[in-house]
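Below is upload28.pdb, holding PDB, C-alpha atoms, pLDDT in the B column.
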```
ATOM      1  CA  MET J 187      43.059  -1.906  49.608  1.00 61.00           C
ATOM      2  CA  LYS J 188      46.596  -2.156  48.302  1.00 70.00           C
ATOM      3  CA  ILE J 189      47.887  -5.515  47.117  1.00 79.00           C
ATOM      4  CA  GLY J 190      50.079  -6.947  49.850  1.00 86.00           C
ATOM      5  CA  THR J 191      53.182  -9.097  49.646  1.00 93.00           C
ATOM      6  CA  ASP J 192      51.335 -11.951  51.376  1.00 95.00           C
ATOM      7  CA  SER J 193      48.880 -12.310  48.489  1.00 95.00           C
ATOM      8  CA  VAL J 194      51.614 -12.083  45.860  1.00 96.00           C
ATOM      9  CA  LEU J 195      53.558 -14.801  47.685  1.00 97.00           C
ATOM     10  CA  LEU J 196      50.586 -17.137  48.067  1.00 98.00           C
ATOM     11  CA  GLY J 197      49.262 -16.680  44.540  1.00 98.00           C
ATOM     12  CA  SER J 198      52.714 -17.355  43.080  1.00 98.00           C
ATOM     13  CA  TRP J 199      53.561 -20.243  45.416  1.00 98.00           C
ATOM     14  CA  CYS J 200      50.295 -22.220  45.545  1.00 98.00           C
ATOM     15  CA  PRO J 201      50.865 -25.697  44.043  1.00 97.00           C
ATOM     16  CA  ILE J 202      48.881 -26.391  40.875  1.00 97.00           C
ATOM     17  CA  ASP J 203      50.466 -29.726  39.983  1.00 95.00           C
ATOM     18  CA  ASN J 204      47.049 -31.398  40.306  1.00 96.00           C
ATOM     19  CA  LYS J 205      46.045 -29.468  37.140  1.00 97.00           C
ATOM     20  CA  PRO J 206      42.970 -27.852  38.680  1.00 98.00           C
ATOM     21  CA  ASN J 207      39.736 -27.462  36.783  1.00 98.00           C
ATOM     22  CA  SER J 208      38.070 -25.516  39.602  1.00 98.00           C
ATOM     23  CA  VAL J 209      39.381 -22.942  42.100  1.00 98.00           C
ATOM     24  CA  LEU J 210      37.830 -21.220  45.108  1.00 98.00           C
ATOM     25  CA  ASP J 211      39.333 -18.069  46.672  1.00 98.00           C
ATOM     26  CA  ILE J 212      37.898 -17.523  50.166  1.00 96.00           C
ATOM     27  CA  GLY J 213      37.911 -13.876  51.276  1.00 94.00           C
ATOM     28  CA  THR J 214      39.151 -12.651  47.923  1.00 95.00           C
ATOM     29  CA  GLY J 215      39.206  -8.915  48.714  1.00 93.00           C
ATOM     30  CA  THR J 216      39.633  -7.243  45.342  1.00 93.00           C
ATOM     31  CA  GLY J 217      40.297 -10.551  43.582  1.00 97.00           C
ATOM     32  CA  ILE J 218      44.077 -10.827  43.504  1.00 97.00           C
ATOM     33  CA  LEU J 219      44.448 -14.552  44.292  1.00 98.00           C
ATOM     34  CA  ALA J 220      41.677 -15.599  41.913  1.00 98.00           C
ATOM     35  CA  LEU J 221      43.254 -13.507  39.151  1.00 98.00           C
ATOM     36  CA  MET J 222      46.716 -14.975  39.800  1.00 98.00           C
ATOM     37  CA  LEU J 223      45.333 -18.522  39.639  1.00 98.00           C
ATOM     38  CA  ALA J 224      43.524 -17.646  36.408  1.00 98.00           C
ATOM     39  CA  GLN J 225      46.863 -16.507  34.961  1.00 97.00           C
ATOM     40  CA  ARG J 226      48.762 -19.573  36.209  1.00 98.00           C
ATOM     41  CA  SER J 227      46.263 -22.349  35.478  1.00 98.00           C
ATOM     42  CA  LYS J 228      43.769 -23.545  32.895  1.00 97.00           C
ATOM     43  CA  ALA J 229      40.993 -23.924  35.460  1.00 98.00           C
ATOM     44  CA  GLU J 230      37.639 -23.347  33.797  1.00 97.00           C
ATOM     45  CA  GLN J 231      35.793 -22.411  36.992  1.00 97.00           C
ATOM     46  CA  ILE J 232      37.362 -19.852  39.330  1.00 98.00           C
ATOM     47  CA  ASP J 233      35.009 -18.718  42.079  1.00 97.00           C
ATOM     48  CA  ALA J 234      35.677 -16.148  44.779  1.00 97.00           C
ATOM     49  CA  ILE J 235      33.828 -15.142  47.958  1.00 96.00           C
ATOM     50  CA  GLU J 236      33.865 -11.667  49.490  1.00 95.00           C
ATOM     51  CA  ILE J 237      31.629 -10.358  52.274  1.00 92.00           C
ATOM     52  CA  ASP J 238      32.571  -6.655  52.167  1.00 91.00           C
ATOM     53  CA  GLU J 239      30.441  -4.769  49.616  1.00 93.00           C
ATOM     54  CA  ASP J 240      33.068  -2.268  48.458  1.00 93.00           C
ATOM     55  CA  ALA J 241      35.736  -4.952  48.035  1.00 93.00           C
ATOM     56  CA  TYR J 242      33.205  -7.163  46.230  1.00 96.00           C
ATOM     57  CA  GLU J 243      32.409  -4.394  43.756  1.00 96.00           C
ATOM     58  CA  GLN J 244      36.111  -3.779  43.105  1.00 96.00           C
ATOM     59  CA  CYS J 245      36.612  -7.508  42.635  1.00 97.00           C
ATOM     60  CA  VAL J 246      33.847  -7.718  40.039  1.00 97.00           C
ATOM     61  CA  ASP J 247      35.327  -4.724  38.185  1.00 97.00           C
ATOM     62  CA  ASN J 248      38.778  -6.335  38.255  1.00 97.00           C
ATOM     63  CA  PHE J 249      37.422  -9.655  36.989  1.00 98.00           C
ATOM     64  CA  GLU J 250      35.549  -7.934  34.158  1.00 98.00           C
ATOM     65  CA  ALA J 251      38.679  -5.995  33.132  1.00 97.00           C
ATOM     66  CA  SER J 252      40.851  -9.131  33.019  1.00 97.00           C
ATOM     67  CA  PRO J 253      41.610 -11.444  30.075  1.00 97.00           C
ATOM     68  CA  TRP J 254      40.056 -14.333  32.047  1.00 98.00           C
ATOM     69  CA  LYS J 255      36.660 -12.793  32.830  1.00 97.00           C
ATOM     70  CA  ASP J 256      34.774 -15.766  31.342  1.00 98.00           C
ATOM     71  CA  ARG J 257      36.327 -18.065  33.984  1.00 98.00           C
ATOM     72  CA  LEU J 258      35.964 -15.789  37.015  1.00 98.00           C
ATOM     73  CA  PHE J 259      32.948 -15.230  39.271  1.00 97.00           C
ATOM     74  CA  CYS J 260      32.653 -13.515  42.646  1.00 97.00           C
ATOM     75  CA  PHE J 261      29.951 -14.248  45.227  1.00 96.00           C
ATOM     76  CA  HIS J 262      28.935 -11.454  47.598  1.00 96.00           C
ATOM     77  CA  ALA J 263      28.530 -13.662  50.662  1.00 93.00           C
ATOM     78  CA  GLY J 264      30.031 -14.785  53.915  1.00 91.00           C
ATOM     79  CA  LEU J 265      31.615 -18.203  54.119  1.00 92.00           C
ATOM     80  CA  ASP J 266      28.855 -19.542  56.372  1.00 91.00           C
ATOM     81  CA  GLU J 267      26.246 -18.567  53.782  1.00 92.00           C
ATOM     82  CA  PHE J 268      28.282 -19.986  50.898  1.00 92.00           C
ATOM     83  CA  ILE J 269      28.614 -23.448  52.449  1.00 92.00           C
ATOM     84  CA  GLU J 270      24.965 -23.801  53.491  1.00 88.00           C
ATOM     85  CA  GLU J 271      24.116 -25.585  50.243  1.00 80.00           C
ATOM     86  CA  PRO J 272      27.410 -26.472  48.559  1.00 76.00           C
ATOM     87  CA  GLU J 273      26.989 -27.309  44.896  1.00 78.00           C
ATOM     88  CA  ASP J 274      30.586 -27.803  43.836  1.00 87.00           C
ATOM     89  CA  GLU J 275      33.885 -29.278  44.931  1.00 96.00           C
ATOM     90  CA  TYR J 276      37.104 -27.452  44.160  1.00 98.00           C
ATOM     91  CA  ASP J 277      40.533 -28.678  43.072  1.00 98.00           C
ATOM     92  CA  ILE J 278      42.210 -25.631  44.641  1.00 98.00           C
ATOM     93  CA  ILE J 279      40.962 -23.753  47.696  1.00 98.00           C
ATOM     94  CA  ILE J 280      43.118 -20.751  48.453  1.00 98.00           C
ATOM     95  CA  SER J 281      42.896 -18.109  51.162  1.00 97.00           C
ATOM     96  CA  ASN J 282      44.889 -15.269  52.656  1.00 94.00           C
ATOM     97  CA  PRO J 283      42.859 -15.267  55.870  1.00 89.00           C
ATOM     98  CA  PRO J 284      42.668 -12.412  58.374  1.00 77.00           C
ATOM     99  CA  PHE J 285      44.976 -12.957  61.317  1.00 64.00           C
ATOM    100  CA  TYR J 286      45.473  -9.768  63.285  1.00 50.00           C
ATOM    101  CA  SER J 287      44.661  -9.708  66.986  1.00 47.00           C
ATOM    102  CA  GLU J 288      42.387  -7.456  69.009  1.00 45.00           C
ATOM    103  CA  ASP J 289      45.408  -5.337  69.935  1.00 46.00           C
ATOM    104  CA  ASN J 290      45.779  -4.184  66.338  1.00 48.00           C
ATOM    105  CA  LYS J 291      42.235  -2.904  65.795  1.00 51.00           C
ATOM    106  CA  THR J 292      41.845   0.447  64.066  1.00 54.00           C
ATOM    107  CA  ASN J 293      38.941   2.813  63.555  1.00 62.00           C
ATOM    108  CA  ASP J 294      38.482   1.545  59.986  1.00 62.00           C
ATOM    109  CA  SER J 295      35.841  -1.204  60.199  1.00 57.00           C
ATOM    110  CA  GLN J 296      36.356  -2.368  56.587  1.00 61.00           C
ATOM    111  CA  ARG J 297      40.071  -2.794  57.051  1.00 55.00           C
ATOM    112  CA  ASP J 298      39.508  -4.537  60.368  1.00 50.00           C
ATOM    113  CA  LEU J 299      37.042  -6.947  58.771  1.00 50.00           C
ATOM    114  CA  ALA J 300      39.624  -7.928  56.199  1.00 50.00           C
ATOM    115  CA  ARG J 301      42.502  -8.202  58.655  1.00 49.00           C
ATOM    116  CA  PHE J 302      41.192  -9.653  61.902  1.00 46.00           C
ATOM    117  CA  GLN J 303      40.841 -13.305  62.652  1.00 47.00           C
ATOM    118  CA  GLU J 304      37.469 -13.082  64.363  1.00 50.00           C
ATOM    119  CA  ALA J 305      35.990 -12.180  60.953  1.00 62.00           C
ATOM    120  CA  LEU J 306      37.058 -15.619  59.663  1.00 76.00           C
ATOM    121  CA  PRO J 307      38.297 -17.995  62.385  1.00 88.00           C
ATOM    122  CA  PHE J 308      40.781 -20.628  61.254  1.00 92.00           C
ATOM    123  CA  GLU J 309      38.380 -23.339  62.436  1.00 93.00           C
ATOM    124  CA  ASP J 310      35.640 -22.106  60.083  1.00 92.00           C
ATOM    125  CA  LEU J 311      38.043 -21.800  57.160  1.00 95.00           C
ATOM    126  CA  ILE J 312      39.395 -25.335  57.643  1.00 96.00           C
ATOM    127  CA  GLU J 313      35.915 -26.802  58.064  1.00 96.00           C
ATOM    128  CA  ALA J 314      34.873 -25.197  54.771  1.00 96.00           C
ATOM    129  CA  ALA J 315      37.983 -26.510  53.040  1.00 97.00           C
ATOM    130  CA  ASP J 316      37.209 -30.020  54.232  1.00 96.00           C
ATOM    131  CA  LEU J 317      33.625 -29.705  52.970  1.00 96.00           C
ATOM    132  CA  LEU J 318      34.448 -28.218  49.571  1.00 97.00           C
ATOM    133  CA  LEU J 319      37.802 -29.773  48.609  1.00 97.00           C
ATOM    134  CA  SER J 320      37.834 -32.411  45.874  1.00 97.00           C
ATOM    135  CA  GLU J 321      39.438 -35.793  46.534  1.00 96.00           C
ATOM    136  CA  ASN J 322      42.762 -34.753  44.987  1.00 96.00           C
ATOM    137  CA  GLY J 323      42.336 -31.082  45.863  1.00 98.00           C
ATOM    138  CA  ILE J 324      44.892 -28.715  47.396  1.00 98.00           C
ATOM    139  CA  PHE J 325      44.123 -26.248  50.201  1.00 98.00           C
ATOM    140  CA  ALA J 326      46.666 -23.393  50.367  1.00 98.00           C
ATOM    141  CA  VAL J 327      47.031 -20.533  52.858  1.00 98.00           C
ATOM    142  CA  ILE J 328      49.493 -17.980  54.184  1.00 97.00           C
ATOM    143  CA  ILE J 329      49.458 -17.376  57.948  1.00 95.00           C
ATOM    144  CA  PRO J 330      51.764 -15.987  60.653  1.00 93.00           C
ATOM    145  CA  TYR J 331      54.614 -18.362  61.441  1.00 95.00           C
ATOM    146  CA  LYS J 332      53.614 -18.350  65.115  1.00 93.00           C
ATOM    147  CA  GLU J 333      50.250 -19.904  64.094  1.00 92.00           C
ATOM    148  CA  GLU J 334      51.753 -22.652  61.913  1.00 95.00           C
ATOM    149  CA  GLU J 335      51.722 -25.463  64.452  1.00 95.00           C
ATOM    150  CA  ARG J 336      48.161 -24.722  65.566  1.00 94.00           C
ATOM    151  CA  PHE J 337      46.883 -24.453  61.995  1.00 96.00           C
ATOM    152  CA  ILE J 338      48.465 -27.766  60.977  1.00 96.00           C
ATOM    153  CA  ASP J 339      46.990 -29.402  64.067  1.00 96.00           C
ATOM    154  CA  LEU J 340      43.514 -28.047  63.267  1.00 96.00           C
ATOM    155  CA  CYS J 341      43.818 -29.343  59.697  1.00 97.00           C
ATOM    156  CA  SER J 342      44.939 -32.792  60.850  1.00 96.00           C
ATOM    157  CA  LYS J 343      41.718 -33.102  62.862  1.00 96.00           C
ATOM    158  CA  MET J 344      39.882 -32.741  59.543  1.00 96.00           C
ATOM    159  CA  GLU J 345      42.282 -35.232  57.917  1.00 96.00           C
ATOM    160  CA  LEU J 346      43.961 -32.542  55.854  1.00 97.00           C
ATOM    161  CA  PHE J 347      47.728 -32.977  55.871  1.00 97.00           C
ATOM    162  CA  PRO J 348      50.594 -30.667  54.801  1.00 97.00           C
ATOM    163  CA  ILE J 349      52.272 -31.475  51.487  1.00 96.00           C
ATOM    164  CA  LYS J 350      54.326 -28.279  51.130  1.00 96.00           C
ATOM    165  CA  VAL J 351      55.617 -25.764  53.695  1.00 97.00           C
ATOM    166  CA  THR J 352      57.643 -22.614  53.013  1.00 98.00           C
ATOM    167  CA  ARG J 353      58.620 -20.253  55.817  1.00 98.00           C
ATOM    168  CA  VAL J 354      59.152 -16.626  54.834  1.00 98.00           C
ATOM    169  CA  LYS J 355      61.642 -14.053  56.145  1.00 97.00           C
ATOM    170  CA  GLY J 356      61.731 -10.389  55.135  1.00 96.00           C
ATOM    171  CA  SER J 357      65.551 -10.441  55.012  1.00 96.00           C
ATOM    172  CA  TYR J 358      68.392 -12.745  55.982  1.00 96.00           C
ATOM    173  CA  SER J 359      68.789 -11.023  59.345  1.00 95.00           C
ATOM    174  CA  THR J 360      65.113 -10.976  60.391  1.00 96.00           C
ATOM    175  CA  PRO J 361      63.036 -13.755  61.969  1.00 97.00           C
ATOM    176  CA  ILE J 362      60.542 -15.935  60.113  1.00 97.00           C
ATOM    177  CA  VAL J 363      57.222 -14.069  59.887  1.00 95.00           C
ATOM    178  CA  ARG J 364      54.960 -16.094  57.574  1.00 96.00           C
ATOM    179  CA  SER J 365      54.218 -19.704  56.725  1.00 97.00           C
ATOM    180  CA  LEU J 366      52.977 -20.787  53.308  1.00 98.00           C
ATOM    181  CA  LEU J 367      51.090 -24.056  53.780  1.00 98.00           C
ATOM    182  CA  ALA J 368      49.483 -26.471  51.310  1.00 98.00           C
ATOM    183  CA  PHE J 369      47.356 -29.459  52.355  1.00 97.00           C
ATOM    184  CA  LYS J 370      45.843 -32.553  50.791  1.00 97.00           C
ATOM    185  CA  ARG J 371      43.653 -35.389  52.042  1.00 96.00           C
ATOM    186  CA  TYR J 372      46.571 -37.822  52.364  1.00 92.00           C
ATOM    187  CA  GLU J 373      49.610 -37.734  54.606  1.00 88.00           C
ATOM    188  CA  LEU J 374      53.170 -37.766  53.237  1.00 86.00           C
ATOM    189  CA  SER J 375      55.695 -40.149  54.768  1.00 83.00           C
ATOM    190  CA  ALA J 376      58.162 -37.253  54.972  1.00 83.00           C
ATOM    191  CA  LEU J 377      57.617 -33.511  54.617  1.00 86.00           C
ATOM    192  CA  ASN J 378      60.450 -31.227  53.605  1.00 82.00           C
ATOM    193  CA  ALA J 379      59.923 -27.602  54.609  1.00 92.00           C
ATOM    194  CA  ASP J 380      61.981 -24.845  52.995  1.00 97.00           C
ATOM    195  CA  GLU J 381      62.629 -21.163  53.586  1.00 97.00           C
ATOM    196  CA  LEU J 382      62.220 -18.086  51.404  1.00 98.00           C
ATOM    197  CA  VAL J 383      63.923 -14.718  51.976  1.00 98.00           C
ATOM    198  CA  ILE J 384      62.316 -11.730  50.224  1.00 97.00           C
ATOM    199  CA  GLU J 385      64.950  -8.976  50.276  1.00 96.00           C
ATOM    200  CA  ILE J 386      68.716  -8.617  50.512  1.00 95.00           C
ATOM    201  CA  ASN J 387      68.326  -4.894  51.185  1.00 89.00           C
ATOM    202  CA  ARG J 388      65.352  -2.559  50.891  1.00 86.00           C
ATOM    203  CA  HIS J 389      63.849  -3.068  47.392  1.00 84.00           C
ATOM    204  CA  GLU J 390      66.744  -5.363  46.455  1.00 93.00           C
ATOM    205  CA  TYR J 391      65.043  -8.723  46.067  1.00 95.00           C
ATOM    206  CA  THR J 392      66.586 -12.152  46.340  1.00 97.00           C
ATOM    207  CA  ASP J 393      66.848 -14.347  43.248  1.00 97.00           C
ATOM    208  CA  ALA J 394      64.425 -16.813  44.852  1.00 97.00           C
ATOM    209  CA  TYR J 395      61.740 -14.169  45.368  1.00 97.00           C
ATOM    210  CA  ILE J 396      62.211 -12.791  41.844  1.00 96.00           C
ATOM    211  CA  HIS J 397      61.987 -16.276  40.343  1.00 96.00           C
ATOM    212  CA  LEU J 398      58.796 -17.009  42.285  1.00 97.00           C
ATOM    213  CA  THR J 399      56.903 -13.765  41.634  1.00 96.00           C
ATOM    214  CA  ASN J 400      58.225 -11.976  38.556  1.00 94.00           C
ATOM    215  CA  ALA J 401      55.353 -13.135  36.312  1.00 94.00           C
ATOM    216  CA  PHE J 402      53.088 -10.825  38.337  1.00 94.00           C
ATOM    217  CA  TYR J 403      55.126  -7.626  38.545  1.00 89.00           C
ATOM    218  CA  LEU J 404      55.357  -5.033  35.760  1.00 83.00           C
ATOM    219  CA  LYS J 405      58.805  -4.100  37.074  1.00 79.00           C
ATOM    220  CA  MET J 406      61.036  -6.483  39.022  1.00 72.00           C
TER     221      MET J 406
END
```
Could I get this file's structure written as structure tokens?
Amino acid sequence: MKIGTDSVLLGSWCPIDNKPNSVLDIGTGTGILALMLAQRSKAEQIDAIEIDEDAYEQCVDNFEASPWKDRLFCFHAGLDEFIEEPEDEYDIIISNPPFYSEDNKTNDSQRDLARFQEALPFEDLIEAADLLLSENGIFAVIIPYKEEERFIDLCSKMELFPIKVTRVKGSYSTPIVRSLLAFKRYELSALNADELVIEINRHEYTDAYIHLTNAFYLKM
């Protein structure tokens, strides 16, 4: 699968001010978020989970070809299997979860598995984050803006509270389409959300988007 803008945004944006020693990427696909966190942080343990066999194999190849291969490991497993006997806690848990509806199904079962919410319900993802997150850990996701309120509410029931929110627009004239959300185990007295616009015109990127992501593009 091609690398999407959502993953580039999340991997660039995810807070790492807690100086993580361990990272977990849930539903890693071909490994993009784990690789970005390896580039951005000094975490010694960066684990990833991927259920699809072809994506898993690509992920392993990508990890092995990277400068950080000694810190990266991918599990070929579903999330339910991974959390049956948890051995570790993680300082960063990051996920670009599937969130397409039934109406968008295609005839490509692999692509559907990666893109549709029933493959990884938000409730299951949040429950796993609560189970596996370290005391000072950060849980970061990118989801549709229309799901933001529900996702925050689901997290609050697990006593995970937003510490950073960025809402994303494709251009200045288009509506908000994505929410970048980061959570911790404590609640802030005040939360300041901000907004990010990706493009001024087609392939003409805003200074904010360039500043956020240019460490990951060969040409920007």
- Task: Step by step, work through what the PyMOL selection byres ((chain J and resi 399) around 12) selects in the shown file, and finish by giving those residues as a VMD selection string.
- Result: chain J and resid 191 to 200 222 226 382 384 391 to 398 400 to 406
Just the residues within 7 Å of Gly213 in chain J, please, counting all atoms listed in the file, with nothing from its chain fewer than 6 positions along; format it as an mmCIF file with C-alpha atoms, in the frame of the given file.
```
data_model
loop_
_atom_site.group_PDB
_atom_site.id
_atom_site.type_symbol
_atom_site.label_atom_id
_atom_site.label_comp_id
_atom_site.auth_asym_id
_atom_site.auth_seq_id
_atom_site.Cartn_x
_atom_site.Cartn_y
_atom_site.Cartn_z
ATOM 1 C CA ILE J 235 33.828 -15.142 47.958
ATOM 2 C CA GLU J 236 33.865 -11.667 49.490
ATOM 3 C CA SER J 281 42.896 -18.109 51.162
ATOM 4 C CA PRO J 283 42.859 -15.267 55.870
#
```
I'd like the contact shell of Leu311 in chain J - 9 Å cut-off, all atoms listed in the file, skipping same-chain residues fewer than 4 positions apart - returned as a PDB file with C-alpha atoms, in the frame of the given file.
```
ATOM      1  CA  ILE J 212      37.898 -17.523  50.166  1.00 96.00           C
ATOM      2  CA  LEU J 265      31.615 -18.203  54.119  1.00 92.00           C
ATOM      3  CA  SER J 281      42.896 -18.109  51.162  1.00 97.00           C
ATOM      4  CA  PRO J 283      42.859 -15.267  55.870  1.00 89.00           C
ATOM      5  CA  LEU J 306      37.058 -15.619  59.663  1.00 76.00           C
ATOM      6  CA  PRO J 307      38.297 -17.995  62.385  1.00 88.00           C
ATOM      7  CA  ALA J 315      37.983 -26.510  53.040  1.00 97.00           C
ATOM      8  CA  ASP J 316      37.209 -30.020  54.232  1.00 96.00           C
TER       9      ASP J 316
END
```
- Task: Using only C-alpha atoms, find the one residue out of J:Leu340, J:Leu366, J:Ala314, J:Leu346 that sits nearest to Val327 in chain J.
- Result: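 Smallest separation from Val327 in chain J among the options: J:Leu366.
Remark: for Pro330 in chain J, the closest of the candidate residues J:Phe308, J:Trp254, J:Phe347, J:Phe249 is J:Phe308 (distances computed over only C-alpha atoms).
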Could the centre and edge lengths of an axis-aligned box, enclosing all atoms of range 216-234 of chain J in the file with 8 Å extra on each side, be given in Å to one decimal as lines of an AutoDock Vina configuration file?
```
center_x = 41.9
center_y = -15.6
center_z = 39.1
size_x = 29.8
size_y = 32.7
size_z = 28.4
```
- Message: Within 12 Å of (48.0, -39.5, 47.8) in the file's own coordinates, which protein, DNA or RNA residues have an atom, counting only C-alpha atoms? List them as a ChimeraX atom specification.
- Response: /J:204,321-324,346-349,369-375
- Task: Would you mind reading off the distance between CA of Glu275 in chain J and CA of Arg353 in chain J, one decimal, in Å?
- Result: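 Atom-to-atom, CA of Glu275 in chain J and CA of Arg353 in chain J are spaced 28.5 Å apart.
Here CA of Asn387 in chain J is placed at a distance of 7.3 Å from CA of Ser357 in chain J.
Computed from the coordinates, the CA of Lys228 in chain J to CA of Lys350 in chain J distance equals 21.6 Å.
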